[in-house]
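The structure under discussion appears below in the form of structure tokens.
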Amino acid sequence: MTQQARVIIIGGGAMGVSALYHLAKLGWRDVLLIEKNELTAGSTWHAAGLCTHFAHNLTIQALRAHSVRLYSGELEQETGSPVSFHQTGALRITRSKDRMDEFRHVKGIGKYSGFDFNLLSPSELKDIYPLVELDGIVGAIHEPLDGHVDPSQATHAMAQGARNNGARILRHTLVTGLARRSSGEWRVSTDKGEFDAEHIVMAAGTWAYEIGCMAGLELPVVPILHQYLVTDRIEAVAALEQELPIIRDPEESWYVRQERDGLIIGPYEKTGKPWSVDQVPPEFGMELLPSALDDVEHIVTAAMERIPVLAEGGIKTVVNGPITFTPDANPLIGPAFGLDNCWLLTGSSMGVMEGGGAGKFLAEWIVGGEAPMDALALDPRRFGAFADRSYRIDKAIESFGNQFAIHFPFEEREAGRPRLTSAIHDEMDAAGAVFGQAYGWERPNWFAPAGDARQSTLGFGRANWFDAVASECATVSQRVGIADMSVFSKFEISGPQASQFMAQLGANSAPRINGRVGLIHSLTKSGGVASEFTVVRLSKDRFYLTSAAAARRQDHDLLRRIGVSHEGVGIADITESKGVIALMGPSAPEVLQSLTGSDLSADDFPWLSAQEIDVNGLRVLAIRVSYVGETGWELHADKGVLHKIYRSLLTAGREFGISPFGAFAINSLRLEKGYPAWGMDLSTERSPFEAGLDRFVKFDGRTFTGCDAIKTRAIEMSLQLIEIDTRQVDAFALHPLFDRDRVCGLVTSGAYGHRTAKSLALAYIDTGQPEKIHDLSVEICGQRYPARRLSKAPYDPENLKLRGTAAPV
């Protein structure tokens with residue numbers, strides 16, 4: 001007989017067992033975990049068990065923090081099972097001034113999220129870690145709540161807690177197939193029989209790729225081999241009165257932690273070794289691979305120079321086993337694209353460190369119907385079809401090698417590129433584009449002047465592209481700029497019920513007149529901002545939607561879910577068949593008018609309208625919108641003709657001083673208008689009212705997801721445009737705001753506004769007593785800078801330029 005379960009979890013490592021435990025804790029008793037071997041097989045059993053709060057993302061930091069809380073007391077107290085958590089604290093040391101800036105930045109994130117990180121001088125470091133040599137060290141960061149856990153004990157304790165709450169575990173049961181039944185349930189076939197479930201969770205770790213293939217998924221995960229060495233007894237370690245903190249040297253790429261009277265050395269070589277990329281050997285379970293000490297000898301030698309007593313202990317054990325990497329080294333946690341009730345919980349190279357929190361995060365998402373925090377850094381749909389076999393291997397190797405790399409703002413890593421290019425990519429390249437990557441697309445970030453190096457400097461202050469971006473902003477505001485914006489996600493909604501479909505899309509009504517343009521924000525169940533669509537009504541039964549490049553799969557899933565209740569509605573993803581050129585600036589109307597017979601005057605072609613026009617004989621959907629605060633159009637056309645349109649515009653614009661501009665200039669220009677960006681300023685954690693989107697919320701008798709929730713949801717934070725008194729640095733995401741010494745908010749995005757000569761940022765500020773803020777400041781890499789809230793946009797607050805009623809410059 002086929003057995004039933006509400007949820008079936010495939011994989012019995014730390015992450016899968018954590019999901020089982022937390023689902024059962026939330027009251028879902030009919031949950032089943034299936035493991036082909038023993039619990040912890042694969043990676044968990046041989047992990048070093050390090051646990052940290054250090055992270056560059058608030059959600060990932062929250063996962064890690066919950067793991068520490070769980071392992072350091074909650075789990076053992078609840079279940080009575082030993083966990084062996086050692087709260088030793090942890091250190092990261094550095095010889096780099098840039099690394100110290102990174103430490104200051106992470107310390108600032110900790111101030112907002114409530115975790116203390118301490119910056120140490122070399123002498124203070126020596127007090128905490130007496131065995132370290134200080135040659136060249138400029139400082140360190142101390143993480144006092146960190147430690148290490150016994151991975152097997154922690155996993156088995158979670159398993160015991162899950163069983164205590166009614167969950168079931170089947171060991172030595174091999175999953176052989178997955179299928180979606182006509183009833184909507186999932187059929188899980190095993191060598192012990194068949195099981196049906198409402199939900200399945202793929203938590204197979206080392207075997208994640210193979211399990212994904214059973215459901216038609218090509219998951220971007222690659223097992224990479226990692227070694228660590230365990231020493232024999234070291235007398236200097238045995239003589240210590242208390243356990244040493246974990247210590248990491250990011251420049252030399254190693255960690256060391258105490259193991260009884262010896263030490264563990266964990267080196268990360270710069271070139272990782274993929275292992276069993278497509279299929280794990282059938283016999284593999286709780287085995288290790290032969291050591292390859294020649295690959296890490298130079299790193300171990302460096303560790304011994306920094307901690308000389310390491311050389312006094314012989315090597316007792318070498319552990320060499322696979323850990324799983326994704327292209328960006330963040331785990332895959334959330335829905336699988338295009339499959340209902342299929343969830344991923346895999347891809348973590350730090351499965352024990354993140355496992356306790358990751359299982360809780362996914363369990364709350366499954367039970368509550370939405371992610372408990374912003375999930376963009378974790379959502380599996382952040383990767384698309386571009387993440388093929390070669391891409392995932394190249395990026396996994398890169399991620400492994402950058403395990404300890406500095407996380408610079410605006411950094412672009414090169415492995416696996418290019419993947420997707422627009423129809424005018426070569427023209428952008430010829431113009432001097434310095435490319436970034438967005439959802440696999442190559443996108444111009446900025447344009448290097450002729451003769452200058454096409455490379456962005458990395459650092460926490462203003463970069464080498466500052467002056468180039470200033471020039472691009474001047475072009476857009478004084479003459480006419482042209483940009484490749486083909487990376488937009490693009491969808492067409494069509495059919496007899498298209499209008500009814502659009503009525504349910506989000507908080508704003510869809511345009512009711514053909515040729516009009518609107519902005520619609522789709523919401524979560526609790527009223528957070530899930531997506532942002534620019535909507536053009538082409539006809540009664542056809543709508544054209546654009547959204548952020550990185551939202552492509554999330555938005556496609558969202559549209560698909562709405563479409564289920566609207567028979568006959570067509571949802572077409574036309575992202576790769578269309579290209580987009582932005583023509584912006586006071587001379588944009590003259591340039592475009594010279595190429596078309598359509599009347600482009602503000603009366604006949606007003607702001608927030610769209611028309612199909614001919615541009616030099618080629619059909620174009622021209623949309624009169626602007627994200628940069630200047631008059632202009634987005635020109636959407638088939639990619640096959642985009643090159644000709646671009647050349648025509650360039651030729652016609654030559655006498656007006658036309659030149660290209662990139663994403664960095666767009667960021668500067670939109671902040672001067674106070675325009676929020678999805679994925680930075682707009683997230684599921686904040687409602688449209690908190691985000692200042694009140695004018696885009698229209699209830700008007702419609703029902704849409706989150707409709708009732710936002711009527712009663714508390715407004716805890718308010719998105720504010722702020723000006724910062726700074727000369728050499730500008731804010732970027734996750735800098736904390738202070739009212740005197742009280743943390744009162746967080747920056748979500750920032751840049752220098754070249755038209756207004758202001759350093760600007762958008763930030764959420766606590767609404768508890770906003771009128772009583774006395775002394776607002778922003779902390780950027782440890783330095784406080786005075787700031788003030790702006791009551792209106794500093795550039796063209798009346799939108800005269802957008803409407804085409806301002807005199808040309």
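By convention here, the chains of the structure tokens are called A, B, ... in the order presented, each chain's residues are numbered starting at 1, and ligands are numbered starting at 1 in the order presented.
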A:Gly461: which residues within 7 Å, counting only C-alpha atoms, same-chain residues fewer than 2 positions away excluded, as a ChimeraX atom specification?
/A:459,463,728-730
Serialized selection, all heavy atoms, as a PDB file, in the first residue's frame:
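To be explicit, this is the file written out as part_37.pdb:
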ATOM      1  N   GLY A 459      36.931  48.538  -3.142  1.00  0.00           N
ATOM      2  CA  GLY A 459      37.181  49.185  -1.874  1.00  0.00           C
ATOM      3  C   GLY A 459      35.871  49.639  -1.262  1.00  0.00           C
ATOM      4  O   GLY A 459      34.793  49.433  -1.839  1.00  0.00           O
ATOM      5  N   ALA A 463      35.054  54.727  -5.838  1.00  0.00           N
ATOM      6  CA  ALA A 463      35.873  53.914  -6.736  1.00  0.00           C
ATOM      7  C   ALA A 463      36.356  54.733  -7.919  1.00  0.00           C
ATOM      8  O   ALA A 463      35.998  55.898  -8.106  1.00  0.00           O
ATOM      9  CB  ALA A 463      35.065  52.699  -7.205  1.00  0.00           C
ATOM     10  N   GLN A 728      34.220  61.573   1.064  1.00  0.00           N
ATOM     11  CA  GLN A 728      35.023  60.565   0.385  1.00  0.00           C
ATOM     12  C   GLN A 728      34.358  59.199   0.276  1.00  0.00           C
ATOM     13  O   GLN A 728      34.859  58.333  -0.428  1.00  0.00           O
ATOM     14  CB  GLN A 728      36.371  60.411   1.102  1.00  0.00           C
ATOM     15  CG  GLN A 728      37.214  61.669   1.104  1.00  0.00           C
ATOM     16  CD  GLN A 728      37.565  62.144  -0.290  1.00  0.00           C
ATOM     17  OE1 GLN A 728      37.863  61.338  -1.169  1.00  0.00           O
ATOM     18  NE2 GLN A 728      37.526  63.453  -0.507  1.00  0.00           N
ATOM     19  N   VAL A 729      33.288  58.986   0.994  1.00  0.00           N
ATOM     20  CA  VAL A 729      32.592  57.697   0.946  1.00  0.00           C
ATOM     21  C   VAL A 729      31.108  57.954   0.786  1.00  0.00           C
ATOM     22  O   VAL A 729      30.602  59.041   1.098  1.00  0.00           O
ATOM     23  CB  VAL A 729      32.834  56.856   2.219  1.00  0.00           C
ATOM     24  CG1 VAL A 729      34.296  56.511   2.368  1.00  0.00           C
ATOM     25  CG2 VAL A 729      32.320  57.583   3.448  1.00  0.00           C
ATOM     26  N   ASP A 730      30.402  56.968   0.272  1.00  0.00           N
ATOM     27  CA  ASP A 730      28.951  57.031   0.158  1.00  0.00           C
ATOM     28  C   ASP A 730      28.359  55.765   0.744  1.00  0.00           C
ATOM     29  O   ASP A 730      29.015  54.718   0.808  1.00  0.00           O
ATOM     30  CB  ASP A 730      28.536  57.178  -1.314  1.00  0.00           C
ATOM     31  CG  ASP A 730      29.087  58.453  -1.928  1.00  0.00           C
ATOM     32  OD1 ASP A 730      28.705  59.533  -1.471  1.00  0.00           O
ATOM     33  OD2 ASP A 730      29.915  58.351  -2.861  1.00  0.00           O
TER      34      ASP A 730
END
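Ranking A:Leu174, A:Pro322, A:Leu332, A:Gly359 by their shortest atom-to-atom distance to A:Leu70, with only C-alpha atoms included, puts A:Gly359 first.
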Which residue, A:Ser113, A:Phe447, A:Val569, A:Leu458, has the smallest gap to A:Pro409 when you use only C-alpha atoms?
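Nearest to A:Pro409: A:Leu458.
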If we count only C-alpha atoms, what is near stretch 73-86 of chain A at a cut-off of 7 Å, once residues fewer than 5 positions away on the same chain are taken out, given as a ChimeraX atom specification?
/A:147-150,153-154,157,160-161
Generate a file of the selected residues that holds all heavy atoms, formatted as a PDB file, in the first residue's frame.
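Ended up saving to part_33.pdb:
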ATOM      1  N   GLY A 147      31.168  29.541  18.162  1.00  0.00           N
ATOM      2  CA  GLY A 147      31.745  28.342  18.737  1.00  0.00           C
ATOM      3  C   GLY A 147      31.704  27.191  17.763  1.00  0.00           C
ATOM      4  O   GLY A 147      31.628  27.391  16.546  1.00  0.00           O
ATOM      5  N   HIS A 148      31.737  25.971  18.291  1.00  0.00           N
ATOM      6  CA  HIS A 148      31.649  24.795  17.431  1.00  0.00           C
ATOM      7  C   HIS A 148      30.821  23.723  18.121  1.00  0.00           C
ATOM      8  O   HIS A 148      30.698  23.697  19.349  1.00  0.00           O
ATOM      9  CB  HIS A 148      33.036  24.270  17.047  1.00  0.00           C
ATOM     10  CG  HIS A 148      33.894  23.858  18.197  1.00  0.00           C
ATOM     11  ND1 HIS A 148      33.937  22.567  18.686  1.00  0.00           N
ATOM     12  CD2 HIS A 148      34.760  24.558  18.964  1.00  0.00           C
ATOM     13  CE1 HIS A 148      34.789  22.486  19.694  1.00  0.00           C
ATOM     14  NE2 HIS A 148      35.309  23.684  19.888  1.00  0.00           N
ATOM     15  N   VAL A 149      30.234  22.876  17.298  1.00  0.00           N
ATOM     16  CA  VAL A 149      29.301  21.872  17.785  1.00  0.00           C
ATOM     17  C   VAL A 149      29.689  20.509  17.216  1.00  0.00           C
ATOM     18  O   VAL A 149      30.350  20.433  16.166  1.00  0.00           O
ATOM     19  CB  VAL A 149      27.852  22.254  17.366  1.00  0.00           C
ATOM     20  CG1 VAL A 149      27.661  22.096  15.860  1.00  0.00           C
ATOM     21  CG2 VAL A 149      26.817  21.437  18.126  1.00  0.00           C
ATOM     22  N   ASP A 150      29.282  19.451  17.886  1.00  0.00           N
ATOM     23  CA  ASP A 150      29.433  18.111  17.333  1.00  0.00           C
ATOM     24  C   ASP A 150      28.312  17.909  16.308  1.00  0.00           C
ATOM     25  O   ASP A 150      27.137  17.829  16.681  1.00  0.00           O
ATOM     26  CB  ASP A 150      29.323  17.066  18.447  1.00  0.00           C
ATOM     27  CG  ASP A 150      29.546  15.654  17.934  1.00  0.00           C
ATOM     28  OD1 ASP A 150      28.870  15.253  16.961  1.00  0.00           O
ATOM     29  OD2 ASP A 150      30.374  14.936  18.497  1.00  0.00           O
ATOM     30  N   GLN A 153      25.976  14.785  16.891  1.00  0.00           N
ATOM     31  CA  GLN A 153      25.129  14.899  18.071  1.00  0.00           C
ATOM     32  C   GLN A 153      24.014  15.919  17.861  1.00  0.00           C
ATOM     33  O   GLN A 153      22.865  15.686  18.259  1.00  0.00           O
ATOM     34  CB  GLN A 153      25.980  15.283  19.283  1.00  0.00           C
ATOM     35  CG  GLN A 153      26.852  14.154  19.795  1.00  0.00           C
ATOM     36  CD  GLN A 153      27.510  14.495  21.128  1.00  0.00           C
ATOM     37  OE1 GLN A 153      27.472  15.630  21.582  1.00  0.00           O
ATOM     38  NE2 GLN A 153      28.108  13.493  21.767  1.00  0.00           N
ATOM     39  N   ALA A 154      24.343  17.045  17.242  1.00  0.00           N
ATOM     40  CA  ALA A 154      23.319  18.063  16.999  1.00  0.00           C
ATOM     41  C   ALA A 154      22.226  17.531  16.091  1.00  0.00           C
ATOM     42  O   ALA A 154      21.022  17.744  16.327  1.00  0.00           O
ATOM     43  CB  ALA A 154      23.955  19.314  16.394  1.00  0.00           C
ATOM     44  N   ALA A 157      20.115  14.983  17.936  1.00  0.00           N
ATOM     45  CA  ALA A 157      19.252  15.642  18.919  1.00  0.00           C
ATOM     46  C   ALA A 157      18.038  16.252  18.238  1.00  0.00           C
ATOM     47  O   ALA A 157      16.911  16.175  18.759  1.00  0.00           O
ATOM     48  CB  ALA A 157      20.036  16.717  19.672  1.00  0.00           C
ATOM     49  N   GLN A 160      15.708  13.471  17.461  1.00  0.00           N
ATOM     50  CA  GLN A 160      14.958  13.063  18.652  1.00  0.00           C
ATOM     51  C   GLN A 160      13.831  14.045  18.941  1.00  0.00           C
ATOM     52  O   GLN A 160      12.704  13.652  19.265  1.00  0.00           O
ATOM     53  CB  GLN A 160      15.896  12.981  19.859  1.00  0.00           C
ATOM     54  CG  GLN A 160      15.220  12.437  21.125  1.00  0.00           C
ATOM     55  CD  GLN A 160      14.666  11.041  20.926  1.00  0.00           C
ATOM     56  OE1 GLN A 160      15.377  10.140  20.471  1.00  0.00           O
ATOM     57  NE2 GLN A 160      13.379  10.839  21.229  1.00  0.00           N
ATOM     58  N   GLY A 161      14.105  15.331  18.810  1.00  0.00           N
ATOM     59  CA  GLY A 161      13.065  16.323  19.018  1.00  0.00           C
ATOM     60  C   GLY A 161      11.928  16.184  18.021  1.00  0.00           C
ATOM     61  O   GLY A 161      10.757  16.355  18.365  1.00  0.00           O
TER      62      GLY A 161
END
Using only C-alpha atoms, which residues sit within 6 Å of stretch 757-763 of chain A once same-chain residues fewer than 6 positions away are excluded, as a list of chain:residue names?
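That gives A:Leu719, A:Gln720, A:Leu721, A:Ile722, A:Glu723, A:Ile724, A:Leu746, A:Val747, A:Thr748, A:Ser749, A:Gly750, A:Ala751.
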Can you list every residue in stretch 342-428 of chain A that DSSP puts in alpha helix (DSSP H), as a ChimeraX atom specification?
/A:351-368,389-401,425-428
Please provide the set of residues having any atom within 10 Å of A:Met304, restricted to only C-alpha atoms, with same-chain residues fewer than 5 positions apart removed, written as a ChimeraX atom specification.
/A:132-133,265,298-299,309-312
Please run DSSP on the backbone and report, as a PyMOL selection string, all residues within stretch 184-382 of chain A that come out as strand (DSSP E).
chain A and resi 186-190+193-202+222-231+246-249+254-259+262-267+315-325+332-335+342-346
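With only C-alpha atoms as the atoms that count, the residue of A:Ser189, A:Ser96, A:Thr231, A:Gln437 with the shortest distance to A:Asp249 is A:Ser96.
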A:Gly136 surroundings by only C-alpha atoms, 10 Å radius, close-in-sequence under 6 positions cut, as a list in words
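Counting only the stated atoms, we get Thr94, Arg95, Ser96 and Pro122 of chain A.
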Quick one: residues within 10 Å of A:Ile246, only C-alpha atoms, excluding same-chain residues fewer than 5 positions away - as a list of chain:residue names?
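Answer for this query is A:Leu50, A:Cys51, A:Thr52, A:Gln87, A:Thr88, A:Gly89, A:Ala90, A:Leu91, A:Arg92, A:Tyr129, A:His142, A:Glu143, A:Asp146, A:Gly147, A:His148, A:Tyr255, A:Val256, A:Arg257, A:Gln258, A:Leu263, A:Ile264.
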Which one of A:Val697, A:Ala358, A:Val138, A:Ala303 sits closest to A:His66 if you count only C-alpha atoms?
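Distance minimum relative to A:His66 lands on A:Ala358.
Compared by their closest atoms to A:Ile141, and using only C-alpha atoms, the residues A:Leu559, A:Ala24, A:Ile93, A:Ala208 rank with A:Ile93 nearest.
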So how many Å separate atom CA of A:Leu642 and atom CA of A:Ser486, to one decimal?
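Taking atom CA of A:Leu642 and atom CA of A:Ser486, their separation equals 9.8 Å.
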